[in-house]
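A short write-up of the structure that comes next.
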Amino acid sequence: MLGPGVTWYLVVAAILFATGTLGVLMRRSPLIVLLSLEIMLNAGNLVLVGFSRLHGDLDGQVFALAVMAVAASEVVVGLGLIVAVARRRLALDVDAMKELRG
Amino acid sequence: MGNVLVWAIWLGAAAACVGSGVAVVTLTNPFYSALSLIGNLASLAVLYLLAAAEFVAAAQVLVYAGAVMVMFLFVIAYLGGRADAPWAGGPPLLRLAAVVASAALLADVLVAMGMAVGESLSDEADIADSFGSPAEIGRLFLTDHLLAFEITSIVLLVAAVGGVVLGIRPSSASDEADDGA
């Protein structure tokens with residue numbers, strides 16, 4: 001392989017995953033929490049693609065594409081929920097949403 | 001050691017990737033956070049290209065950085081993009097605990113990787129030129145992973161229906177908060 005080995009991919013993916021975790025734990029806006037979730041999903045995708053290259057097996061890339069589809073679905077439902085919450089004039093704050101009833 | 005140019009591009013993309021990821025978490029304006037996530041996804045696509053995943057890189061740019069992020073930006077614009085300082089509100093102990101927890105996760109993963117490095121992570125398989133091409137991915141999707149392919153389509157359909165159901169404006173009188181809109 002011309003460039004960096006799979007270890008480098010794993011290091012970048014680990015840093016990205018920790019960054020996403022930090023965002024999910026620390027931020028209060030549900031929009032940013034959703035964005036941080038995307039970072040975590042992409043860190044997983046990076047590992048899948050890196051190992052797919054290591055083993056010369058395309059199954060990892062196929063799985064990465066499936067993860068992308070699931071992430072798109074998750075964004076649709078998550079953004080729908082956020083818009084529904086905002087329409088009810090509730091505060092967009094994950095700390096304030098403690099109860100399931102509107 | 002490999003090609004210097006490939007290393008330079010890889011390191012640049014990795015730095016952009018990590019930097020924009022940190023920017024997503026630390027920026028106060030959600031609009032800027034979403035914009036830096038687009039940069040994150042684009043630099044990830046460069047990393048995918050260098051790992052011989054051409055189709056995944058193209059799908060990443062088209063589907064993720066294109067369609068998904070445009071929807072994100074629309075929703076942020078619709079909601080008004082109010083600022084939300086990353087360190088504001090909440091007990092400071094919780095913020096500290098969040099940093100400690102994610103740092104512990106990072107250390108955990110890095111140590112687990114460090115114990116595995118050198119054994120099997122260095123000998124890479126030889127690949128053909130068609131590795132990662134749309135034809136190869138499509139063949140796998142329609143042969144070995146046909147069930148996953150069909151289930152993915154059902155998941156997308158259910159998500160679309162769920163998005164529509166969530167977006168239906170409550171019309172009955174039970175929802176007083178919505179009558180002004």
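Residue numbers start at 1 in each chain; chains themselves are named A, B, ... in the order of the structure tokens; ligands are numbered from 1 in the order shown.
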
Go through chain A residue by residue and, counting only C-alpha atoms, keep those with an atom at most 6 Å from chain B; for each kept residue give the shortest atom pair and its distance in Å to one decimal, ordered by chain and increasing number, as a Markdown table.
```
| residue | atom | partner | partner_atom | distance |
| --- | --- | --- | --- | --- |
| A:Leu2 | CA | B:Gly2 | CA | 4.5 |
| A:Gly3 | CA | B:Val6 | CA | 5.3 |
| A:Ala18 | CA | B:Ser102 | CA | 5.2 |
| A:Thr21 | CA | B:Ser102 | CA | 5.8 |
| A:Leu22 | CA | B:Ser102 | CA | 5.4 |
| A:Gly23 | CA | B:Val25 | CA | 5.0 |
| A:Leu25 | CA | B:Ala98 | CA | 5.4 |
| A:Met26 | CA | B:Ala98 | CA | 5.8 |
| A:Arg27 | CA | B:Pro86 | CA | 5.6 |
| A:Arg53 | CA | B:Ala51 | CA | 6.0 |
| A:Leu54 | CA | B:Glu124 | CA | 4.7 |
| A:His55 | CA | B:Ala125 | CA | 5.4 |
| A:Gly56 | CA | B:Ala125 | CA | 5.1 |
| A:Ser73 | CA | B:Ala159 | CA | 5.1 |
| A:Val76 | CA | B:Gly163 | CA | 5.9 |
| A:Val77 | CA | B:Gly163 | CA | 5.4 |
| A:Gly80 | CA | B:Leu166 | CA | 5.6 |
| A:Arg88 | CA | B:Ala177 | CA | 5.6 |
```

Please identify all polymer residues within 9 Å of Ala64 of chain A, counting only C-alpha atoms, omitting same-chain residues fewer than 5 positions from it, and present them as a list in words.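 Final neighbour list, sorted by chain and number: Asn42, Gly44, Asn45, Leu46, Leu48, Val49, Asp59 and Ala69 of chain A; Val56 of chain B.
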
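Shortest atom-to-atom contact with Glu74 of chain A among A:Leu92, A:Leu41, A:Ala86, A:Leu58: A:Leu41, counting only C-alpha atoms.
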
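Separating atom CA of Trp8 of chain A from atom CA of Met40 of chain A is a distance of 17.1 Å.
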
Residue among B:Asp129, B:Ile38, B:Tyr32, B:Ala58 lying closest to Glu38 of chain A, counting only C-alpha atoms: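 Among the listed residues, the smallest separation from Glu38 of chain A belongs to B:Ile38.
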
Once DSSP has gone over the backbone, tell me which residues of chain B are in alpha helix (DSSP H), as an MDAnalysis selection string. chainID B and resid 4:26 30:50 54:59 69:79 92:116 134:142 146:167

One decimal place gives the atom CA of Phe74 of chain B-atom CA of Ala13 of chain B separation as 26.9 Å

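Closest to Leu81 of chain A among A:Pro30, A:Lys98, A:Val24, A:Thr19 is A:Pro30, based on only C-alpha atoms.
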
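From atom CA of Ile82 of chain A back to atom CA of Phe63 of chain A, the distance works out to 28.1 Å.
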